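final19.txt follows (compact mmCIF, N, CA and C atoms):
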# COMPACT_ATOMS: atom_id res chain seq x y z
N MET A 151 0.85 -1.16 0.00
CA MET A 151 0.00 0.00 0.00
C MET A 151 0.90 1.23 0.00
N GLN A 152 0.54 2.21 -0.80
CA GLN A 152 1.36 3.41 -0.92
C GLN A 152 0.62 4.60 -0.35
N LEU A 153 1.38 5.52 0.16
CA LEU A 153 0.84 6.78 0.63
C LEU A 153 1.24 7.84 -0.38
N ALA A 154 0.25 8.39 -1.06
CA ALA A 154 0.54 9.39 -2.09
C ALA A 154 0.48 10.78 -1.46
N ALA A 155 1.56 11.49 -1.54
CA ALA A 155 1.61 12.86 -1.03
C ALA A 155 2.50 13.67 -1.95
N SER A 156 2.11 14.91 -2.16
CA SER A 156 2.91 15.74 -3.05
C SER A 156 4.18 16.21 -2.35
N GLN A 157 4.10 16.45 -1.07
CA GLN A 157 5.27 16.89 -0.30
C GLN A 157 5.35 16.08 0.99
N MET A 158 6.56 15.71 1.36
CA MET A 158 6.77 15.00 2.62
C MET A 158 7.70 15.85 3.46
N SER A 159 7.29 16.10 4.70
CA SER A 159 8.14 16.93 5.57
C SER A 159 9.40 16.15 5.95
N GLU A 160 10.39 16.90 6.39
CA GLU A 160 11.66 16.29 6.80
C GLU A 160 11.46 15.37 8.00
N GLY A 161 10.59 15.77 8.93
CA GLY A 161 10.32 14.94 10.10
C GLY A 161 9.65 13.62 9.73
N THR A 162 8.71 13.68 8.80
CA THR A 162 8.04 12.45 8.35
C THR A 162 9.03 11.53 7.65
N PHE A 163 9.89 12.10 6.85
CA PHE A 163 10.90 11.32 6.14
C PHE A 163 11.84 10.64 7.14
N ASP A 164 12.29 11.40 8.15
CA ASP A 164 13.18 10.82 9.16
C ASP A 164 12.48 9.72 9.96
N PHE A 165 11.21 9.95 10.32
CA PHE A 165 10.45 8.94 11.05
C PHE A 165 10.29 7.68 10.21
N TYR A 166 10.06 7.85 8.92
CA TYR A 166 9.93 6.69 8.03
C TYR A 166 11.24 5.92 7.94
N LEU A 167 12.36 6.62 7.90
CA LEU A 167 13.67 5.95 7.89
C LEU A 167 13.88 5.13 9.16
N VAL A 168 13.54 5.70 10.30
CA VAL A 168 13.68 4.98 11.58
C VAL A 168 12.75 3.76 11.59
N ALA A 169 11.50 3.95 11.13
CA ALA A 169 10.55 2.84 11.11
C ALA A 169 11.03 1.73 10.17
N LEU A 170 11.57 2.09 9.02
CA LEU A 170 12.12 1.09 8.10
C LEU A 170 13.26 0.31 8.75
N THR A 171 14.14 1.02 9.42
CA THR A 171 15.29 0.36 10.04
C THR A 171 14.86 -0.55 11.17
N VAL A 172 13.97 -0.07 12.05
CA VAL A 172 13.52 -0.88 13.19
C VAL A 172 12.77 -2.12 12.69
N SER A 173 11.87 -1.93 11.74
CA SER A 173 11.11 -3.07 11.22
C SER A 173 12.02 -4.07 10.52
N GLY A 174 12.97 -3.59 9.75
CA GLY A 174 13.91 -4.49 9.08
C GLY A 174 14.74 -5.29 10.07
N LEU A 175 15.25 -4.62 11.11
CA LEU A 175 16.03 -5.32 12.13
C LEU A 175 15.19 -6.35 12.88
N LEU A 176 13.96 -5.98 13.25
CA LEU A 176 13.08 -6.93 13.94
C LEU A 176 12.81 -8.16 13.09
N LEU A 177 12.53 -7.95 11.82
CA LEU A 177 12.26 -9.09 10.94
C LEU A 177 13.49 -9.97 10.78
N LEU A 178 14.67 -9.37 10.69
CA LEU A 178 15.89 -10.17 10.59
C LEU A 178 16.17 -10.95 11.87
N ILE A 179 15.94 -10.32 13.01
CA ILE A 179 16.14 -11.02 14.28
C ILE A 179 15.18 -12.20 14.39
N LEU A 180 13.93 -11.99 14.00
CA LEU A 180 12.97 -13.09 14.03
C LEU A 180 13.34 -14.20 13.06
N ALA A 181 13.86 -13.83 11.90
CA ALA A 181 14.23 -14.84 10.91
C ALA A 181 15.44 -15.64 11.37
N ILE A 182 16.41 -14.97 11.94
CA ILE A 182 17.63 -15.65 12.37
C ILE A 182 17.39 -16.46 13.64
N GLY A 183 16.67 -15.85 14.60
CA GLY A 183 16.46 -16.49 15.89
C GLY A 183 15.44 -17.60 15.87
N GLY A 184 14.48 -17.56 14.97
CA GLY A 184 13.47 -18.60 14.90
C GLY A 184 12.53 -18.60 16.08
N PHE A 185 12.10 -17.45 16.51
CA PHE A 185 11.19 -17.36 17.65
C PHE A 185 9.77 -17.73 17.22
N PHE A 186 8.91 -17.97 18.19
CA PHE A 186 7.47 -18.18 18.00
C PHE A 186 7.15 -19.42 17.19
N LYS A 187 8.03 -20.38 17.14
CA LYS A 187 7.78 -21.65 16.46
C LYS A 187 7.34 -21.44 15.00
N GLU A 188 8.02 -20.56 14.32
CA GLU A 188 7.70 -20.27 12.93
C GLU A 188 8.22 -21.37 12.02
N SER A 189 7.55 -21.54 10.89
CA SER A 189 8.02 -22.50 9.90
C SER A 189 9.23 -21.92 9.18
N SER A 190 9.95 -22.78 8.48
CA SER A 190 11.14 -22.28 7.78
C SER A 190 10.76 -21.33 6.65
N GLY A 191 9.63 -21.57 6.00
CA GLY A 191 9.17 -20.66 4.94
C GLY A 191 8.86 -19.28 5.48
N SER A 192 8.24 -19.23 6.65
CA SER A 192 7.92 -17.95 7.27
C SER A 192 9.20 -17.21 7.69
N ARG A 193 10.17 -17.97 8.17
CA ARG A 193 11.44 -17.35 8.57
C ARG A 193 12.17 -16.79 7.35
N ILE A 194 12.14 -17.52 6.24
CA ILE A 194 12.79 -17.04 5.01
C ILE A 194 12.11 -15.78 4.52
N LEU A 195 10.78 -15.77 4.53
CA LEU A 195 10.03 -14.59 4.10
C LEU A 195 10.34 -13.39 5.00
N SER A 196 10.40 -13.62 6.32
CA SER A 196 10.75 -12.53 7.24
C SER A 196 12.15 -12.00 6.95
N GLY A 197 13.08 -12.89 6.66
CA GLY A 197 14.44 -12.46 6.34
C GLY A 197 14.51 -11.65 5.06
N VAL A 198 13.79 -12.09 4.04
CA VAL A 198 13.80 -11.36 2.76
C VAL A 198 13.18 -9.98 2.92
N ILE A 199 12.05 -9.89 3.60
CA ILE A 199 11.41 -8.59 3.81
C ILE A 199 12.27 -7.71 4.70
N GLY A 200 12.92 -8.28 5.72
CA GLY A 200 13.81 -7.51 6.57
C GLY A 200 14.99 -6.93 5.81
N VAL A 201 15.58 -7.73 4.93
CA VAL A 201 16.69 -7.24 4.11
C VAL A 201 16.20 -6.15 3.16
N ALA A 202 15.00 -6.32 2.60
CA ALA A 202 14.45 -5.31 1.70
C ALA A 202 14.22 -3.99 2.44
N PHE A 203 13.67 -4.06 3.65
CA PHE A 203 13.44 -2.84 4.44
C PHE A 203 14.76 -2.15 4.76
N LEU A 204 15.74 -2.91 5.20
CA LEU A 204 17.04 -2.31 5.53
C LEU A 204 17.72 -1.76 4.29
N GLY A 205 17.60 -2.46 3.19
CA GLY A 205 18.18 -1.96 1.94
C GLY A 205 17.54 -0.67 1.47
N TYR A 206 16.21 -0.59 1.59
CA TYR A 206 15.52 0.64 1.19
C TYR A 206 15.87 1.79 2.13
N ALA A 207 15.99 1.49 3.42
CA ALA A 207 16.40 2.53 4.38
C ALA A 207 17.81 3.02 4.05
N PHE A 208 18.71 2.10 3.72
CA PHE A 208 20.07 2.48 3.33
C PHE A 208 20.04 3.36 2.09
N TYR A 209 19.24 2.96 1.09
CA TYR A 209 19.13 3.74 -0.14
C TYR A 209 18.61 5.15 0.14
N LEU A 210 17.53 5.23 0.95
CA LEU A 210 16.95 6.55 1.23
C LEU A 210 17.91 7.44 2.03
N PHE A 211 18.68 6.84 2.92
CA PHE A 211 19.56 7.64 3.78
C PHE A 211 20.83 8.07 3.06
N PHE A 212 21.43 7.19 2.28
CA PHE A 212 22.75 7.48 1.70
C PHE A 212 22.72 7.86 0.23
N ILE A 213 21.78 7.37 -0.54
CA ILE A 213 21.83 7.56 -1.99
C ILE A 213 20.74 8.50 -2.50
N PHE A 214 19.59 8.48 -1.91
CA PHE A 214 18.43 9.24 -2.37
C PHE A 214 18.71 10.74 -2.35
N THR A 215 18.40 11.43 -3.46
CA THR A 215 18.63 12.87 -3.54
C THR A 215 17.34 13.66 -3.69
N GLY A 216 16.24 13.00 -3.83
CA GLY A 216 14.96 13.68 -3.97
C GLY A 216 14.08 12.97 -4.98
N GLY A 217 12.80 13.22 -4.90
CA GLY A 217 11.86 12.58 -5.82
C GLY A 217 10.76 11.87 -5.04
N ASN A 218 10.26 10.78 -5.61
CA ASN A 218 9.17 10.05 -4.99
C ASN A 218 9.70 9.01 -4.01
N VAL A 219 9.00 8.88 -2.89
CA VAL A 219 9.34 7.89 -1.87
C VAL A 219 8.17 6.93 -1.76
N TRP A 220 8.45 5.65 -1.85
CA TRP A 220 7.42 4.63 -1.68
C TRP A 220 7.27 4.37 -0.18
N MET A 221 6.05 4.53 0.33
CA MET A 221 5.81 4.41 1.76
C MET A 221 4.81 3.28 2.00
N SER A 222 5.18 2.31 2.82
CA SER A 222 4.34 1.15 3.11
C SER A 222 3.86 1.22 4.55
N TYR A 223 2.58 0.91 4.76
CA TYR A 223 2.04 0.87 6.12
C TYR A 223 2.57 -0.33 6.90
N TYR A 224 2.99 -1.37 6.21
CA TYR A 224 3.51 -2.56 6.87
C TYR A 224 4.72 -2.22 7.74
N VAL A 225 5.47 -1.22 7.33
CA VAL A 225 6.65 -0.80 8.09
C VAL A 225 6.26 -0.37 9.50
N PHE A 226 5.11 0.26 9.64
CA PHE A 226 4.67 0.75 10.93
C PHE A 226 3.95 -0.33 11.74
N ILE A 227 3.44 -1.35 11.07
CA ILE A 227 2.68 -2.40 11.74
C ILE A 227 3.59 -3.49 12.29
N VAL A 228 4.73 -3.73 11.67
CA VAL A 228 5.63 -4.82 12.08
C VAL A 228 6.01 -4.75 13.56
N PRO A 229 6.45 -3.62 14.11
CA PRO A 229 6.80 -3.62 15.54
C PRO A 229 5.61 -3.98 16.43
N VAL A 230 4.42 -3.52 16.08
CA VAL A 230 3.22 -3.83 16.87
C VAL A 230 2.95 -5.33 16.81
N LEU A 231 3.04 -5.93 15.63
CA LEU A 231 2.81 -7.36 15.50
C LEU A 231 3.84 -8.18 16.27
N VAL A 232 5.07 -7.74 16.28
CA VAL A 232 6.11 -8.45 17.03
C VAL A 232 5.82 -8.39 18.53
N ILE A 233 5.42 -7.24 19.03
CA ILE A 233 5.09 -7.11 20.45
C ILE A 233 3.88 -7.98 20.80
N VAL A 234 2.88 -8.01 19.93
CA VAL A 234 1.69 -8.85 20.18
C VAL A 234 2.11 -10.32 20.22
N ASN A 235 2.98 -10.74 19.31
CA ASN A 235 3.45 -12.13 19.30
C ASN A 235 4.23 -12.46 20.56
N ILE A 236 5.06 -11.54 21.04
CA ILE A 236 5.83 -11.78 22.26
C ILE A 236 4.89 -11.95 23.45
N VAL A 237 3.89 -11.07 23.58
CA VAL A 237 2.95 -11.16 24.69
C VAL A 237 2.17 -12.46 24.61
N ARG A 238 1.70 -12.83 23.42
CA ARG A 238 0.93 -14.07 23.26
C ARG A 238 1.79 -15.29 23.59
N ASP A 239 3.06 -15.30 23.16
CA ASP A 239 3.94 -16.42 23.43
C ASP A 239 4.21 -16.56 24.92
N ARG A 240 4.43 -15.45 25.60
CA ARG A 240 4.67 -15.50 27.05
C ARG A 240 3.43 -15.98 27.80
N LYS A 241 2.24 -15.57 27.34
CA LYS A 241 1.01 -16.03 27.97
C LYS A 241 0.84 -17.53 27.80
N GLU A 242 1.13 -18.04 26.61
CA GLU A 242 1.04 -19.48 26.37
C GLU A 242 2.02 -20.25 27.24
N ARG A 243 3.22 -19.74 27.39
CA ARG A 243 4.21 -20.41 28.26
C ARG A 243 3.76 -20.39 29.71
N ALA A 244 3.20 -19.28 30.16
CA ALA A 244 2.72 -19.20 31.54
C ALA A 244 1.56 -20.17 31.76
N ASN A 245 0.65 -20.26 30.80
CA ASN A 245 -0.46 -21.20 30.94
C ASN A 245 0.03 -22.64 30.93
N ALA A 246 1.02 -22.94 30.11
CA ALA A 246 1.57 -24.30 30.06
C ALA A 246 2.28 -24.63 31.37
N ALA A 247 2.99 -23.66 31.93
CA ALA A 247 3.68 -23.89 33.20
C ALA A 247 2.67 -24.07 34.34
N ALA A 248 1.57 -23.34 34.29
CA ALA A 248 0.56 -23.46 35.34
C ALA A 248 -0.18 -24.80 35.23
N ALA A 249 -0.33 -25.32 34.03
CA ALA A 249 -1.04 -26.58 33.84
C ALA A 249 -0.17 -27.79 34.15
N ALA A 250 1.14 -27.63 34.16
CA ALA A 250 2.05 -28.74 34.44
C ALA A 250 1.95 -29.11 35.91
N PRO A 251 2.04 -30.40 36.22
CA PRO A 251 1.99 -30.81 37.63
C PRO A 251 3.19 -30.30 38.39
N THR A 252 2.96 -29.91 39.63
CA THR A 252 4.05 -29.36 40.43
C THR A 252 4.74 -30.43 41.27
N ASN A 253 4.10 -31.56 41.50
CA ASN A 253 4.69 -32.64 42.28
C ASN A 253 5.57 -33.48 41.37
N PRO A 254 6.86 -33.64 41.68
CA PRO A 254 7.74 -34.40 40.79
C PRO A 254 7.30 -35.86 40.66
N ALA A 255 6.68 -36.42 41.70
CA ALA A 255 6.23 -37.80 41.60
C ALA A 255 5.12 -37.92 40.57
N GLN A 256 4.24 -36.94 40.50
CA GLN A 256 3.17 -36.97 39.51
C GLN A 256 3.73 -36.70 38.12
N ALA A 257 4.70 -35.82 38.03
CA ALA A 257 5.28 -35.50 36.73
C ALA A 257 5.97 -36.72 36.12
N GLY A 258 6.59 -37.55 36.98
CA GLY A 258 7.27 -38.74 36.50
C GLY A 258 6.37 -39.94 36.38
N GLY A 259 5.11 -39.83 36.79
CA GLY A 259 4.19 -40.94 36.72
C GLY A 259 4.37 -41.92 37.86
N TRP A 260 4.79 -41.47 39.03
CA TRP A 260 5.04 -42.34 40.15
C TRP A 260 3.83 -42.45 41.06
N ASN A 261 2.71 -42.73 40.50
CA ASN A 261 1.50 -42.89 41.31
C ASN A 261 1.58 -44.25 41.96
N MET A 262 1.72 -44.28 43.26
CA MET A 262 1.97 -45.53 43.97
C MET A 262 0.71 -46.24 44.43
N THR A 263 -0.43 -45.81 44.01
CA THR A 263 -1.66 -46.47 44.41
C THR A 263 -1.82 -47.75 43.59
N PRO A 264 -1.88 -48.93 44.24
CA PRO A 264 -2.03 -50.17 43.47
C PRO A 264 -3.36 -50.16 42.72
N GLY A 265 -3.32 -50.63 41.52
CA GLY A 265 -4.52 -50.69 40.70
C GLY A 265 -4.84 -49.39 40.00
N ALA A 266 -4.03 -48.35 40.20
CA ALA A 266 -4.25 -47.07 39.53
C ALA A 266 -3.92 -47.25 38.05
N PRO A 267 -4.48 -46.39 37.20
CA PRO A 267 -4.18 -46.52 35.77
C PRO A 267 -2.67 -46.48 35.53
N GLY A 268 -2.20 -47.42 34.77
CA GLY A 268 -0.78 -47.49 34.46
C GLY A 268 0.02 -48.29 35.47
N MET A 269 -0.60 -48.71 36.55
CA MET A 269 0.09 -49.50 37.58
C MET A 269 -0.45 -50.93 37.53
N PRO A 270 0.40 -51.93 37.80
CA PRO A 270 -0.09 -53.30 37.84
C PRO A 270 -0.99 -53.49 39.06
N PRO A 271 -1.87 -54.46 39.00
CA PRO A 271 -2.73 -54.68 40.16
C PRO A 271 -1.90 -55.12 41.37
N ALA A 272 -2.47 -54.91 42.54
CA ALA A 272 -1.77 -55.25 43.78
C ALA A 272 -1.52 -56.75 43.84
N GLN A 273 -0.29 -57.10 44.21
CA GLN A 273 0.07 -58.51 44.36
C GLN A 273 -0.29 -58.96 45.77
N PRO A 274 -0.79 -60.15 45.89
CA PRO A 274 -1.11 -60.61 47.25
C PRO A 274 0.17 -60.79 48.05
N GLY A 275 0.09 -60.47 49.32
CA GLY A 275 1.23 -60.60 50.21
C GLY A 275 1.41 -62.05 50.62
N PRO A 276 2.43 -62.30 51.44
CA PRO A 276 2.65 -63.69 51.87
C PRO A 276 1.45 -64.16 52.72
N SER A 277 1.00 -65.36 52.42
CA SER A 277 -0.13 -65.89 53.17
C SER A 277 0.38 -66.70 54.36
N ALA A 278 -0.49 -66.89 55.31
CA ALA A 278 -0.12 -67.67 56.50
C ALA A 278 0.03 -69.13 56.10
N PRO A 279 1.00 -69.83 56.68
CA PRO A 279 1.16 -71.25 56.34
C PRO A 279 -0.09 -72.04 56.76
N THR A 280 -0.47 -72.99 55.96
CA THR A 280 -1.70 -73.74 56.22
C THR A 280 -1.45 -75.00 57.04
N ASP A 281 -0.22 -75.40 57.27
CA ASP A 281 0.04 -76.62 58.01
C ASP A 281 0.14 -76.38 59.51
N GLN A 282 -0.03 -75.21 59.97
CA GLN A 282 0.01 -74.91 61.41
C GLN A 282 -1.39 -74.69 61.92
N ARG A 283 -1.56 -75.00 63.18
CA ARG A 283 -2.83 -74.77 63.81
C ARG A 283 -2.95 -73.32 64.20
N PRO A 284 -4.15 -72.82 64.07
CA PRO A 284 -4.35 -71.45 64.53
C PRO A 284 -4.22 -71.38 66.04
N THR A 285 -3.61 -70.36 66.50
CA THR A 285 -3.47 -70.16 67.94
C THR A 285 -4.51 -69.18 68.40
N ALA A 286 -5.01 -69.45 69.59
CA ALA A 286 -6.05 -68.58 70.09
C ALA A 286 -5.56 -67.58 71.07
Taking this structure as input, can you express it in the form of structure tokens?
Amino acid sequence: MQLAASQMSEGTFDFYLVALTVSGLLLLILAIGGFFKESSGSRILSGVIGVAFLGYAFYLFFIFTGGNVWMSYYVFIVPVLVIVNIVRDRKERANAAAAAPTNPAQAGGWNMTPGAPGMPPAQPGPSAPTDQRPTA
């Protein structure tokens, strides 16, 4: 998506350069680090878009002398999406940690109740010898 404007102020241009750089770095970090259980295709796409953002920021800062600037809204949305993903991932980890059993015996499956699921039935203990008379 492009933003068509006849004139762009210097402050807007500088803000766009910063947003391009931050978004490009975030996408590269996500691509290299492999956070949020992303697929390899998603990581490659993040890396390519991150390199494109950083390359365009480099071009605008060092080479650009004037003319038309292509402005994408995605540049401004990327940091928000990354923060949302971080919060969601931390919430999922906290929920998983809260759902995990806290007793190590339960975590290892050491339920010592005879006849419990996963345990063999109780074995009969030694019986009294039958060749002796009962004592009163």
Worksheet entry | Distance in Å - atom CA of Ala207 of chain A versus atom N of Tyr223 of chain A |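 Computed distance, atom CA of Ala207 of chain A to atom N of Tyr223 of chain A, equals 13.9 Å.
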Worksheet item: Which value, in Å to one decimal, gives the distance between atom CA of Gly216 of chain A and atom N of Leu178 of chain A?
Response: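 That distance, rounded to one decimal, is 27.3 Å.
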Discussion item. Would you compute the distance between atom C of Val237 of chain A and atom CA of Leu177 of chain A? Give it in Å to one decimal.
Written reply: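 About the pair atom C of Val237 of chain A and atom CA of Leu177 of chain A: they are 17.3 Å apart.
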Item to complete: Place a sphere of radius 10 Å on (19.2, 7.6, 6.6) in the file coordinates and name every protein, DNA or RNA residue with an atom inside or on its surface, counting only C-alpha atoms; give the answer as a PyMOL selection string.
Response: chain A and resi 163-168+170-171+206-214
Worksheet item: Quick one: DSSP helix (DSSP H, G or I) residues in segment 179-247 of chain A, as an MDAnalysis selection string?
Response: chainID A and resid 179:183 185:187 190:213 224:247
